[in-house]
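The file coords.cif contains mmCIF, C-alpha atoms and all ligand atoms:
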data_run
#
loop_
_atom_site.label_atom_id
_atom_site.label_comp_id
_atom_site.auth_asym_id
_atom_site.auth_seq_id
_atom_site.Cartn_x
_atom_site.Cartn_y
_atom_site.Cartn_z
CA HIS A 1125 24.85 -11.40 24.78
CA LYS A 1126 24.16 -12.14 28.46
CA ASP A 1127 22.50 -8.76 29.03
CA LEU A 1128 20.48 -6.13 27.19
CA LEU A 1129 21.77 -2.75 28.34
CA ASP A 1130 21.10 -0.61 25.25
CA VAL A 1131 20.32 -1.00 21.56
CA SER A 1132 23.85 0.14 20.65
CA GLN A 1133 25.11 -3.38 21.47
CA LEU A 1134 22.77 -4.99 18.89
CA SER A 1135 23.59 -5.44 15.22
CA ARG A 1136 20.93 -4.79 12.61
CA SER A 1137 20.58 -8.54 12.03
CA GLU A 1138 20.14 -9.15 15.77
CA VAL A 1139 17.37 -6.52 15.80
CA MET A 1140 15.72 -8.27 12.85
CA ALA A 1141 15.95 -11.61 14.70
CA ILE A 1142 14.17 -10.01 17.69
CA PHE A 1143 11.46 -8.64 15.35
CA GLU A 1144 11.05 -12.01 13.67
CA THR A 1145 10.66 -13.76 17.05
CA ALA A 1146 8.23 -11.07 18.23
CA GLY A 1147 6.25 -11.54 14.99
CA ARG A 1148 5.94 -15.26 15.71
CA PHE A 1149 4.70 -14.55 19.24
CA GLN A 1150 2.21 -12.07 17.80
CA GLU A 1151 0.30 -14.94 16.20
CA LEU A 1152 -0.26 -16.35 19.71
CA GLN A 1153 -1.98 -13.14 20.82
CA GLU A 1154 -4.85 -13.89 18.42
CA ARG A 1155 -5.57 -17.24 20.07
CA PRO A 1156 -8.12 -17.75 22.91
CA VAL A 1157 -5.39 -19.49 24.98
CA LYS A 1158 -2.27 -17.35 24.74
CA LYS A 1159 0.03 -19.24 27.07
CA VAL A 1160 2.78 -21.56 25.81
CA PRO A 1161 5.19 -23.70 27.90
CA THR A 1162 8.39 -22.27 26.31
CA LEU A 1163 9.95 -20.92 29.54
CA LYS A 1164 8.35 -23.33 32.02
CA GLY A 1165 10.54 -23.72 35.10
CA ARG A 1166 12.48 -20.49 34.46
CA SER A 1167 12.13 -17.41 36.61
CA VAL A 1168 12.48 -13.67 36.13
CA ILE A 1169 12.58 -10.94 38.77
CA LEU A 1170 11.05 -7.59 37.85
CA PHE A 1171 12.97 -5.06 39.95
CA PHE A 1172 11.39 -1.64 39.44
CA ALA A 1173 12.89 1.15 41.54
CA GLU A 1174 10.90 3.76 39.55
CA PRO A 1175 7.18 3.79 38.73
CA SER A 1176 5.98 1.98 35.61
CA THR A 1177 2.68 0.87 34.12
CA ARG A 1178 3.49 -0.30 30.59
CA THR A 1179 7.00 -1.73 30.93
CA LYS A 1180 6.45 -3.64 34.16
CA THR A 1181 3.03 -5.02 33.25
CA SER A 1182 4.09 -6.05 29.76
CA PHE A 1183 7.21 -7.85 31.06
CA ASP A 1184 4.97 -9.59 33.59
CA VAL A 1185 2.41 -10.53 30.93
CA ALA A 1186 5.22 -11.58 28.54
CA GLY A 1187 6.85 -13.82 31.16
CA LYS A 1188 3.56 -15.43 32.17
CA ARG A 1189 2.49 -16.03 28.55
CA LEU A 1190 5.74 -18.01 28.17
CA SER A 1191 5.03 -19.89 31.45
CA ALA A 1192 8.02 -18.33 33.28
CA ASP A 1193 7.54 -17.51 36.96
CA THR A 1194 7.68 -13.74 37.44
CA PHE A 1195 8.39 -12.03 40.76
CA SER A 1196 7.98 -8.29 41.31
CA LEU A 1197 9.98 -6.02 43.57
CA ALA A 1198 9.19 -2.31 43.86
CA THR A 1199 11.23 0.29 45.77
CA SER A 1200 8.38 1.15 48.13
CA SER A 1201 8.15 -2.48 49.29
CA SER A 1202 11.88 -3.29 49.20
CA SER A 1203 14.72 -2.84 51.67
CA LEU A 1204 16.14 -0.04 49.45
CA THR A 1205 13.88 2.15 51.65
CA LYS A 1206 15.92 0.92 54.67
CA GLY A 1207 19.19 2.00 53.06
CA GLU A 1208 20.28 -1.29 51.47
CA SER A 1209 22.64 -0.59 48.57
CA LEU A 1210 21.84 -1.48 44.98
CA LYS A 1211 24.75 -3.95 45.01
CA ASP A 1212 23.51 -5.78 48.12
CA THR A 1213 19.94 -5.82 46.81
CA ALA A 1214 21.18 -7.25 43.51
CA LEU A 1215 23.36 -9.92 45.15
CA THR A 1216 20.40 -10.89 47.34
CA LEU A 1217 18.20 -11.30 44.27
CA GLN A 1218 20.96 -13.23 42.47
CA ALA A 1219 21.14 -15.67 45.43
CA MET A 1220 17.55 -16.64 44.61
CA ALA A 1221 18.90 -17.96 41.28
CA PRO A 1222 16.60 -16.25 38.76
CA ASP A 1223 17.31 -16.69 35.05
CA ALA A 1224 16.93 -12.95 34.44
CA ILE A 1225 16.48 -9.68 36.30
CA VAL A 1226 14.61 -6.84 34.57
CA ILE A 1227 15.63 -3.56 36.20
CA ARG A 1228 14.32 -0.01 36.09
CA HIS A 1229 16.28 2.50 38.14
CA TRP A 1230 16.64 6.26 38.39
CA CYS A 1231 20.46 6.07 38.06
CA SER A 1232 21.99 6.08 34.56
CA GLY A 1233 24.27 3.03 34.50
CA ALA A 1234 22.35 1.01 37.10
CA ALA A 1235 21.67 -1.84 34.65
CA ARG A 1236 25.35 -2.10 33.68
CA PHE A 1237 26.35 -2.00 37.37
CA LEU A 1238 24.18 -5.08 37.97
CA ALA A 1239 25.16 -6.81 34.74
CA ASP A 1240 28.85 -6.58 35.70
CA ARG A 1241 28.17 -8.24 39.05
CA LEU A 1242 25.50 -10.86 38.35
CA GLU A 1243 25.59 -14.17 36.54
CA CYS A 1244 21.99 -14.05 35.33
CA SER A 1245 20.80 -11.97 32.37
CA VAL A 1246 20.08 -8.33 33.15
CA ILE A 1247 17.56 -6.50 30.97
CA ASN A 1248 17.48 -2.72 31.19
CA ALA A 1249 13.91 -1.46 31.56
CA GLY A 1250 15.07 2.18 31.76
CA ASP A 1251 18.05 3.65 33.65
CA GLY A 1252 17.92 7.35 34.49
CA ARG A 1253 18.31 9.51 31.38
CA HIS A 1254 20.53 6.92 29.72
CA ALA A 1255 18.70 4.16 27.86
CA HIS A 1256 15.37 2.36 27.42
CA PRO A 1257 16.25 -0.35 24.88
CA THR A 1258 13.03 -2.37 25.12
CA GLN A 1259 10.98 0.78 24.44
CA ALA A 1260 13.06 1.61 21.36
CA LEU A 1261 12.71 -1.98 20.13
CA LEU A 1262 8.94 -1.96 20.53
CA ASP A 1263 8.69 1.46 18.86
CA SER A 1264 10.68 0.35 15.81
CA PHE A 1265 8.84 -2.99 15.76
CA THR A 1266 5.53 -1.05 15.64
CA LEU A 1267 6.80 1.01 12.67
CA HIS A 1268 8.23 -2.13 11.04
CA GLN A 1269 4.74 -3.70 11.26
CA GLU A 1270 3.33 -0.63 9.48
CA TRP A 1271 6.01 -0.03 6.87
CA GLY A 1272 8.23 -3.07 6.60
CA ASP A 1273 11.63 -1.52 5.93
CA LEU A 1274 12.32 1.75 7.81
CA THR A 1275 15.06 2.80 5.39
CA GLY A 1276 14.58 6.35 4.14
CA LYS A 1277 11.60 7.09 6.41
CA THR A 1278 11.78 10.30 8.45
CA VAL A 1279 10.87 10.25 12.13
CA LEU A 1280 10.54 13.38 14.25
CA ILE A 1281 11.22 13.02 17.98
CA LEU A 1282 9.50 15.91 19.74
CA GLY A 1283 9.73 17.37 23.22
CA ASP A 1284 11.87 16.83 26.27
CA ILE A 1285 14.94 15.24 24.69
CA ALA A 1286 17.37 16.18 27.47
CA HIS A 1287 15.79 13.97 30.11
CA SER A 1288 14.66 11.20 27.77
CA ARG A 1289 16.20 7.73 27.74
CA VAL A 1290 13.50 6.86 25.19
CA ALA A 1291 14.88 9.50 22.77
CA ARG A 1292 18.48 8.33 23.19
CA SER A 1293 17.72 4.68 22.51
CA ASN A 1294 15.33 5.51 19.67
CA VAL A 1295 17.86 7.71 17.85
CA ILE A 1296 20.41 4.89 17.93
CA LEU A 1297 17.96 2.23 16.77
CA LEU A 1298 16.15 4.27 14.11
CA ARG A 1299 19.47 5.25 12.54
CA LYS A 1300 20.65 1.63 12.68
CA LEU A 1301 17.51 0.67 10.75
CA GLY A 1302 18.12 3.36 8.12
CA ALA A 1303 15.56 5.99 9.15
CA ASN A 1304 16.31 9.73 9.18
CA VAL A 1305 15.76 11.34 12.57
CA ARG A 1306 14.71 14.90 13.34
CA ILE A 1307 14.69 16.36 16.83
CA CYS A 1308 12.60 19.32 17.98
CA GLY A 1309 12.17 20.82 21.44
CA PRO A 1310 12.81 23.95 23.49
CA ARG A 1311 16.49 24.85 23.78
CA THR A 1312 16.42 24.23 27.54
CA LEU A 1313 15.23 20.64 26.95
CA LEU A 1314 17.86 19.67 24.37
CA PRO A 1315 20.94 17.76 25.57
CA PRO A 1316 24.28 19.62 25.62
CA ALA A 1317 26.17 17.40 23.13
CA LEU A 1318 23.38 17.25 20.54
CA ASN A 1319 25.83 18.20 17.76
CA THR A 1320 27.35 14.70 18.09
CA TRP A 1321 23.95 13.00 17.54
CA PRO A 1322 23.15 11.77 13.99
CA VAL A 1323 20.00 13.90 13.78
CA LYS A 1324 18.69 17.13 12.25
CA VAL A 1325 17.73 19.65 14.94
CA PHE A 1326 14.78 22.07 14.65
CA SER A 1327 13.54 24.78 16.99
CA ASP A 1328 10.30 25.46 15.06
CA LEU A 1329 7.75 22.62 15.20
CA SER A 1330 5.97 23.71 11.98
CA GLU A 1331 9.28 23.36 10.10
CA ALA A 1332 10.28 20.15 11.86
CA VAL A 1333 7.05 18.31 11.03
CA LYS A 1334 7.04 19.10 7.27
CA GLY A 1335 6.85 15.85 5.26
CA VAL A 1336 7.71 13.51 8.16
CA ASP A 1337 6.46 9.91 8.15
CA ALA A 1338 6.13 9.61 11.93
CA VAL A 1339 6.16 11.83 14.99
CA MET A 1340 7.20 10.45 18.34
CA CYS A 1341 5.97 12.76 21.10
CA LEU A 1342 7.77 12.59 24.42
CA ARG A 1343 6.45 13.22 27.90
CA LEU A 1344 7.77 16.22 29.82
CA GLN A 1345 9.85 14.47 32.50
CA LEU A 1346 8.83 16.81 35.29
CA GLU A 1347 10.27 14.47 37.94
CA ARG A 1348 13.77 14.87 36.44
CA GLN A 1349 13.59 18.67 36.04
CA LYS A 1350 15.03 19.74 39.36
CA ASP A 1351 17.36 22.23 37.70
CA GLY A 1352 15.09 25.26 37.46
CA LEU A 1353 14.44 24.79 33.74
CA LEU A 1354 10.83 23.73 34.15
CA PRO A 1355 8.85 25.26 31.29
CA ASP A 1356 5.47 26.94 31.71
CA LEU A 1357 3.08 24.15 30.66
CA ARG A 1358 0.66 26.37 28.73
CA GLU A 1359 3.49 28.05 26.85
CA TYR A 1360 5.08 24.66 26.18
CA ALA A 1361 1.80 23.20 24.85
CA ARG A 1362 1.36 26.22 22.55
CA THR A 1363 4.89 26.03 21.11
CA PHE A 1364 5.84 22.35 21.20
CA GLY A 1365 2.58 20.45 21.71
CA LEU A 1366 1.68 18.38 18.62
CA GLY A 1367 -1.64 19.69 17.26
CA LEU A 1368 -4.00 18.99 14.36
CA LYS A 1369 -2.48 21.86 12.34
CA HIS A 1370 0.97 20.24 12.54
CA VAL A 1371 -0.29 16.89 11.31
CA GLU A 1372 -1.54 18.59 8.14
CA LEU A 1373 2.06 19.59 7.34
CA ALA A 1374 3.37 16.02 7.67
CA ASN A 1375 3.07 13.11 5.25
CA PRO A 1376 -0.73 12.45 4.89
CA ASP A 1377 -0.22 8.95 6.36
CA VAL A 1378 1.85 10.22 9.28
CA ARG A 1379 1.99 7.84 12.23
CA ILE A 1380 1.89 9.27 15.73
CA LEU A 1381 3.69 7.55 18.57
CA HIS A 1382 4.07 8.24 22.28
CA PRO A 1383 5.82 5.92 24.76
CA GLY A 1384 3.37 6.93 27.50
CA PRO A 1385 2.37 7.96 30.03
CA LEU A 1386 0.64 10.81 28.14
CA ASN A 1387 0.14 14.34 29.37
CA ARG A 1388 -2.86 15.01 27.14
CA GLY A 1389 -3.09 18.64 26.11
CA VAL A 1390 0.59 19.26 26.93
CA GLU A 1391 2.90 17.40 24.53
CA ILE A 1392 0.04 16.11 22.38
CA ASN A 1393 -3.45 17.33 21.51
CA SER A 1394 -5.83 14.97 23.31
CA GLU A 1395 -8.01 14.32 20.22
CA LEU A 1396 -4.93 13.52 18.13
CA ALA A 1397 -3.88 10.76 20.51
CA ASP A 1398 -7.09 8.87 19.65
CA THR A 1399 -7.16 9.31 15.84
CA ALA A 1400 -6.53 6.56 13.28
CA ASN A 1401 -3.00 7.97 12.77
CA SER A 1402 -2.15 7.19 16.39
CA LEU A 1403 -0.16 4.00 17.07
CA ILE A 1404 -0.06 4.56 20.83
CA LEU A 1405 -2.03 1.42 21.74
CA ASP A 1406 -0.28 -0.59 18.99
CA GLN A 1407 2.95 0.30 20.80
CA VAL A 1408 1.55 -1.21 24.00
CA ALA A 1409 0.55 -4.41 22.15
CA SER A 1410 4.01 -4.55 20.53
CA GLY A 1411 5.50 -4.17 24.01
CA VAL A 1412 4.16 -7.56 25.06
CA VAL A 1413 5.42 -9.53 22.04
CA VAL A 1414 8.79 -7.74 21.85
CA ARG A 1415 9.34 -8.47 25.56
CA MET A 1416 8.27 -12.10 25.02
CA ALA A 1417 10.91 -12.28 22.29
CA LEU A 1418 13.55 -10.72 24.55
CA LEU A 1419 12.79 -12.97 27.52
CA PHE A 1420 12.89 -16.00 25.23
CA LEU A 1421 16.14 -15.01 23.51
CA TYR A 1422 17.98 -13.83 26.64
CA MET A 1423 16.75 -16.51 29.06
CA THR A 1424 17.55 -19.34 26.66
CA ARG A 1425 20.49 -17.53 24.97
CA LYS A 1426 19.11 -18.76 21.63
CA GLY A 1427 21.14 -16.22 19.67
CA GLU A 1428 24.37 -17.88 20.90
CA GLU A 1429 23.65 -21.40 19.68
N1 LIG A 1501 6.95 3.88 28.20
C1 LIG A 1501 7.20 3.50 29.46
O1 LIG A 1501 8.33 3.17 29.84
O2 LIG A 1501 6.09 3.53 30.26
P1 LIG A 1501 6.07 3.13 31.81
O3 LIG A 1501 6.87 4.18 32.53
O4 LIG A 1501 4.61 3.14 32.20
O5 LIG A 1501 6.69 1.77 31.93
#

Before anything else, please render the file you have as structure tokens.
Amino acid sequence: HKDLLDVSQLSRSEVMAIFETAGRFQELQERPVKKVPTLKGRSVILFFAEPSTRTKTSFDVAGKRLSADTFSLATSSSSLTKGESLKDTALTLQAMAPDAIVIRHWCSGAARFLADRLECSVINAGDGRHAHPTQALLDSFTLHQEWGDLTGKTVLILGDIAHSRVARSNVILLRKLGANVRICGPRTLLPPALNTWPVKVFSDLSEAVKGVDAVMCLRLQLERQKDGLLPDLREYARTFGLGLKHVELANPDVRILHPGPLNRGVEINSELADTANSLILDQVASGVVVRMALLFLYMTRKGEE
């Protein structure tokens, strides 16, 4: 593929090839000198029109560890603030001849819009409510590191599903890898066409969490809730916040994930986020090696040889 727009375009064997490449890069992270010359002379533009800590930094770190030149563009410092269209911005960036553009944008479909118009690889780093493929890949890679095969494992995705590109991409990928997926959240934060999703839906968290192997807590996307459905935070934390009592109902080895940024005390008990069951920082570490694998595979088109 030229572009990575969502995990739906990847076959299971392509996902495994990404994991295998990420696993090889993981060995480098143990070394005192972590940089290799693999992508020397290649360049990647990080075009983030929405805020990001983890995704942007880990793409930057990933690119630099592979000796690619990385260039950052944020909305606040770009001519998008002067009214330049996404198309003109993209064509301008393309004229600088990068090998790849990593884009995060508030519009669902923004990554595809660019991919259809640009010759270089486009990697979707999150578009509106639609997709966040690199997050789903790093989440499943983290679980793959823990469990090996995901087949037959049960993962609960908890919280604000309606506004979550992380949930959408994770459901697709977890199912592709053979895991069972449960969804739980308040009715107002579930997407309208949930009956077409390959998931089991719960409204009661104590029921949803019974026997699960992993819980993925999601952030309340307050910035996307302009439709008057904003829940009362204390009520939300009481009903849908993952607490110590819920973990006791899950598999004793339950793994806890969160894509970040965390609202401690809202969607997850603060203490729980720091326990041995929590893989939250492992997810961040996986983010670097999975993005190294993606930059390597997409910028050299290794999968197509
Ligand atoms: N998980 C995630 O996408 O985090 P950032 O918004 O900090 O990149």

Nearby residues, ligand LIG 1501 (chain A), 8 Å, all atoms listed in the file, as a ChimeraX atom specification: /A:1175-1181,1249-1250,1256,1259,1290,1382-1385

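For the choices A:Cys1308, A:Ala1260, A:Met1423, A:Leu1274, the atom-to-atom distance to Ser1167 (chain A) is smallest for A:Met1423 when using only C-alpha atoms.
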
Set out as JSON lines a contact list for region 1210-1318 of chain A and region 1182-1188 of chain A with a cut-off of 12 Å, giving each residue of region 1210-1318 of chain A that qualifies its closest atom pair and distance in Å to one decimal, counting only C-alpha atoms, ordered by chain and rising residue number.
{"residue": "A:Asp1223", "atom": "CA", "partner": "A:Gly1187", "partner_atom": "CA", "distance": 11.5}
{"residue": "A:Ala1224", "atom": "CA", "partner": "A:Gly1187", "partner_atom": "CA", "distance": 10.6}
{"residue": "A:Ile1225", "atom": "CA", "partner": "A:Phe1183", "partner_atom": "CA", "distance": 10.8}
{"residue": "A:Val1226", "atom": "CA", "partner": "A:Phe1183", "partner_atom": "CA", "distance": 8.3}
{"residue": "A:Ile1227", "atom": "CA", "partner": "A:Phe1183", "partner_atom": "CA", "distance": 10.8}
{"residue": "A:Arg1228", "atom": "CA", "partner": "A:Phe1183", "partner_atom": "CA", "distance": 11.7}
{"residue": "A:Ile1247", "atom": "CA", "partner": "A:Phe1183", "partner_atom": "CA", "distance": 10.4}
{"residue": "A:Asn1248", "atom": "CA", "partner": "A:Phe1183", "partner_atom": "CA", "distance": 11.5}
{"residue": "A:Ala1249", "atom": "CA", "partner": "A:Phe1183", "partner_atom": "CA", "distance": 9.3}
{"residue": "A:Thr1258", "atom": "CA", "partner": "A:Phe1183", "partner_atom": "CA", "distance": 10.0}
{"residue": "A:Gln1259", "atom": "CA", "partner": "A:Ser1182", "partner_atom": "CA", "distance": 11.1}
{"residue": "A:Leu1262", "atom": "CA", "partner": "A:Ser1182", "partner_atom": "CA", "distance": 11.2}

Neighbour list for Leu1217 (chain A) as a list in words, cut-off 12 Å, only C-alpha atoms, skip fewer than 6 positions in-chain: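 The neighbour list is Ser1167, Val1168, Ile1169, Leu1170, Phe1171, Phe1195, Ser1196, Leu1197, Ser1202, Ser1203, Leu1210, Lys1211, Asp1223, Ala1224, Ile1225, Val1226, Ile1227, Leu1238, Arg1241, Leu1242, Glu1243, Cys1244 and Val1246 of chain A.
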
Distance criterion (all atoms listed in the file): nearest to Val1295 (chain A) out of A:Lys1334, A:Lys1324, A:Arg1166, A:Arg1343: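 Of all the options, A:Lys1324 lies closest to Val1295 (chain A).
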
Test item: residues at most 9 Å from Ser1330 (chain A), all atoms listed in the file, excluding those fewer than 4 positions along its chain, as a ChimeraX atom specification: /A:1334,1369-1370,1373

Residues just named, written with C-alpha atoms as a short mmCIF file (atom, residue, chain, number, x, y, z; two decimals), in the coordinates of the input:
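Dumped everything to selection_7.cif:
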data_model
loop_
_atom_site.label_atom_id
_atom_site.label_comp_id
_atom_site.auth_asym_id
_atom_site.auth_seq_id
_atom_site.Cartn_x
_atom_site.Cartn_y
_atom_site.Cartn_z
CA LYS A 1334 7.04 19.10 7.27
CA LYS A 1369 -2.48 21.86 12.34
CA HIS A 1370 0.97 20.24 12.54
CA LEU A 1373 2.06 19.59 7.34
#

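With all atoms listed in the file as the basis for measurement, A:Lys1277 is the residue among A:Arg1306, A:Arg1362, A:Lys1277, A:His1287 that approaches Asp1337 (chain A) most closely.
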
Point-to-point distance from CA of Leu1313 (chain A) to CA of Ser1232 (chain A), Å rounded to tenths: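 Computing the Euclidean distance for CA of Leu1313 (chain A) and CA of Ser1232 (chain A) yields 17.8 Å.
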
Distance in Å - CA of Ala1141 (chain A) versus CA of Ser1410 (chain A): 15.0 Å

Best match for closeness to Leu1190 (chain A) among A:Arg1299, A:Arg1425, A:Arg1415, A:Arg1379, counting all atoms listed in the file: A:Arg1415

For Val1131 (chain A), find every residue with an atom within 6 Å (counting all atoms listed in the file), except residues of its own chain fewer than 2 positions away, and show them as a PDB file with C-alpha atoms, in the frame of the given file.
ATOM      1  CA  GLN A1133      25.110  -3.380  21.470  1.00  0.00           C
ATOM      2  CA  LEU A1134      22.770  -4.990  18.890  1.00  0.00           C
ATOM      3  CA  PRO A1257      16.250  -0.350  24.880  1.00  0.00           C
TER       4      PRO A1257
END

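Between CA of Asn1393 (chain A) and CA of Glu1270 (chain A) lies a distance of 22.7 Å.
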
Closest of A:Thr1216, A:Asn1401, A:Ser1137, A:Thr1275 to Asn1304 (chain A) - atom-to-atom distances counting only C-alpha atoms: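 Of the candidates, the smallest distance to Asn1304 (chain A) is held by A:Thr1275.
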
Could you give me, as an mmCIF file with C-alpha atoms, in the frame of the given file, the residues that have an atom at most 10 Å away from the point (8.7, 17.2, 22.5) in the coordinates of the file, using all atoms listed in the file?
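Result file follows (out09.cif):
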data_model
loop_
_atom_site.group_PDB
_atom_site.id
_atom_site.type_symbol
_atom_site.label_atom_id
_atom_site.label_comp_id
_atom_site.auth_asym_id
_atom_site.auth_seq_id
_atom_site.Cartn_x
_atom_site.Cartn_y
_atom_site.Cartn_z
ATOM 1 C CA LEU A 1280 10.540 13.380 14.250
ATOM 2 C CA ILE A 1281 11.220 13.020 17.980
ATOM 3 C CA LEU A 1282 9.500 15.910 19.740
ATOM 4 C CA GLY A 1283 9.730 17.370 23.220
ATOM 5 C CA ASP A 1284 11.870 16.830 26.270
ATOM 6 C CA ILE A 1285 14.940 15.240 24.690
ATOM 7 C CA SER A 1288 14.660 11.200 27.770
ATOM 8 C CA ALA A 1291 14.880 9.500 22.770
ATOM 9 C CA ILE A 1307 14.690 16.360 16.830
ATOM 10 C CA CYS A 1308 12.600 19.320 17.980
ATOM 11 C CA GLY A 1309 12.170 20.820 21.440
ATOM 12 C CA PRO A 1310 12.810 23.950 23.490
ATOM 13 C CA LEU A 1313 15.230 20.640 26.950
ATOM 14 C CA LEU A 1314 17.860 19.670 24.370
ATOM 15 C CA LEU A 1329 7.750 22.620 15.200
ATOM 16 C CA VAL A 1339 6.160 11.830 14.990
ATOM 17 C CA MET A 1340 7.200 10.450 18.340
ATOM 18 C CA CYS A 1341 5.970 12.760 21.100
ATOM 19 C CA LEU A 1342 7.770 12.590 24.420
ATOM 20 C CA ARG A 1343 6.450 13.220 27.900
ATOM 21 C CA LEU A 1344 7.770 16.220 29.820
ATOM 22 C CA TYR A 1360 5.080 24.660 26.180
ATOM 23 C CA ALA A 1361 1.800 23.200 24.850
ATOM 24 C CA THR A 1363 4.890 26.030 21.110
ATOM 25 C CA PHE A 1364 5.840 22.350 21.200
ATOM 26 C CA GLY A 1365 2.580 20.450 21.710
ATOM 27 C CA LEU A 1366 1.680 18.380 18.620
ATOM 28 C CA VAL A 1390 0.590 19.260 26.930
ATOM 29 C CA GLU A 1391 2.900 17.400 24.530
ATOM 30 C CA ILE A 1392 0.040 16.110 22.380
#

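For the residues A:Thr1399, A:Gln1345, A:Gln1407, A:Thr1278, ranking by smallest atom-to-atom distance to Asn1375 (chain A) using only C-alpha atoms places A:Thr1278 first.
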
Shell around Trp1230 (chain A) at 7 Å using all atoms listed in the file, local window under 5 positions removed, as a list in words: Glu1174, Asp1251 and Gly1252 of chain A

Region 1158-1163 of chain A environment, 6 Å, all atoms listed in the file, sequence neighbours closer than 4 positions dropped, as a list of chain:residue names: A:Leu1152, A:Gln1153, A:Arg1189, A:Leu1190, A:Ser1191, A:Ala1192
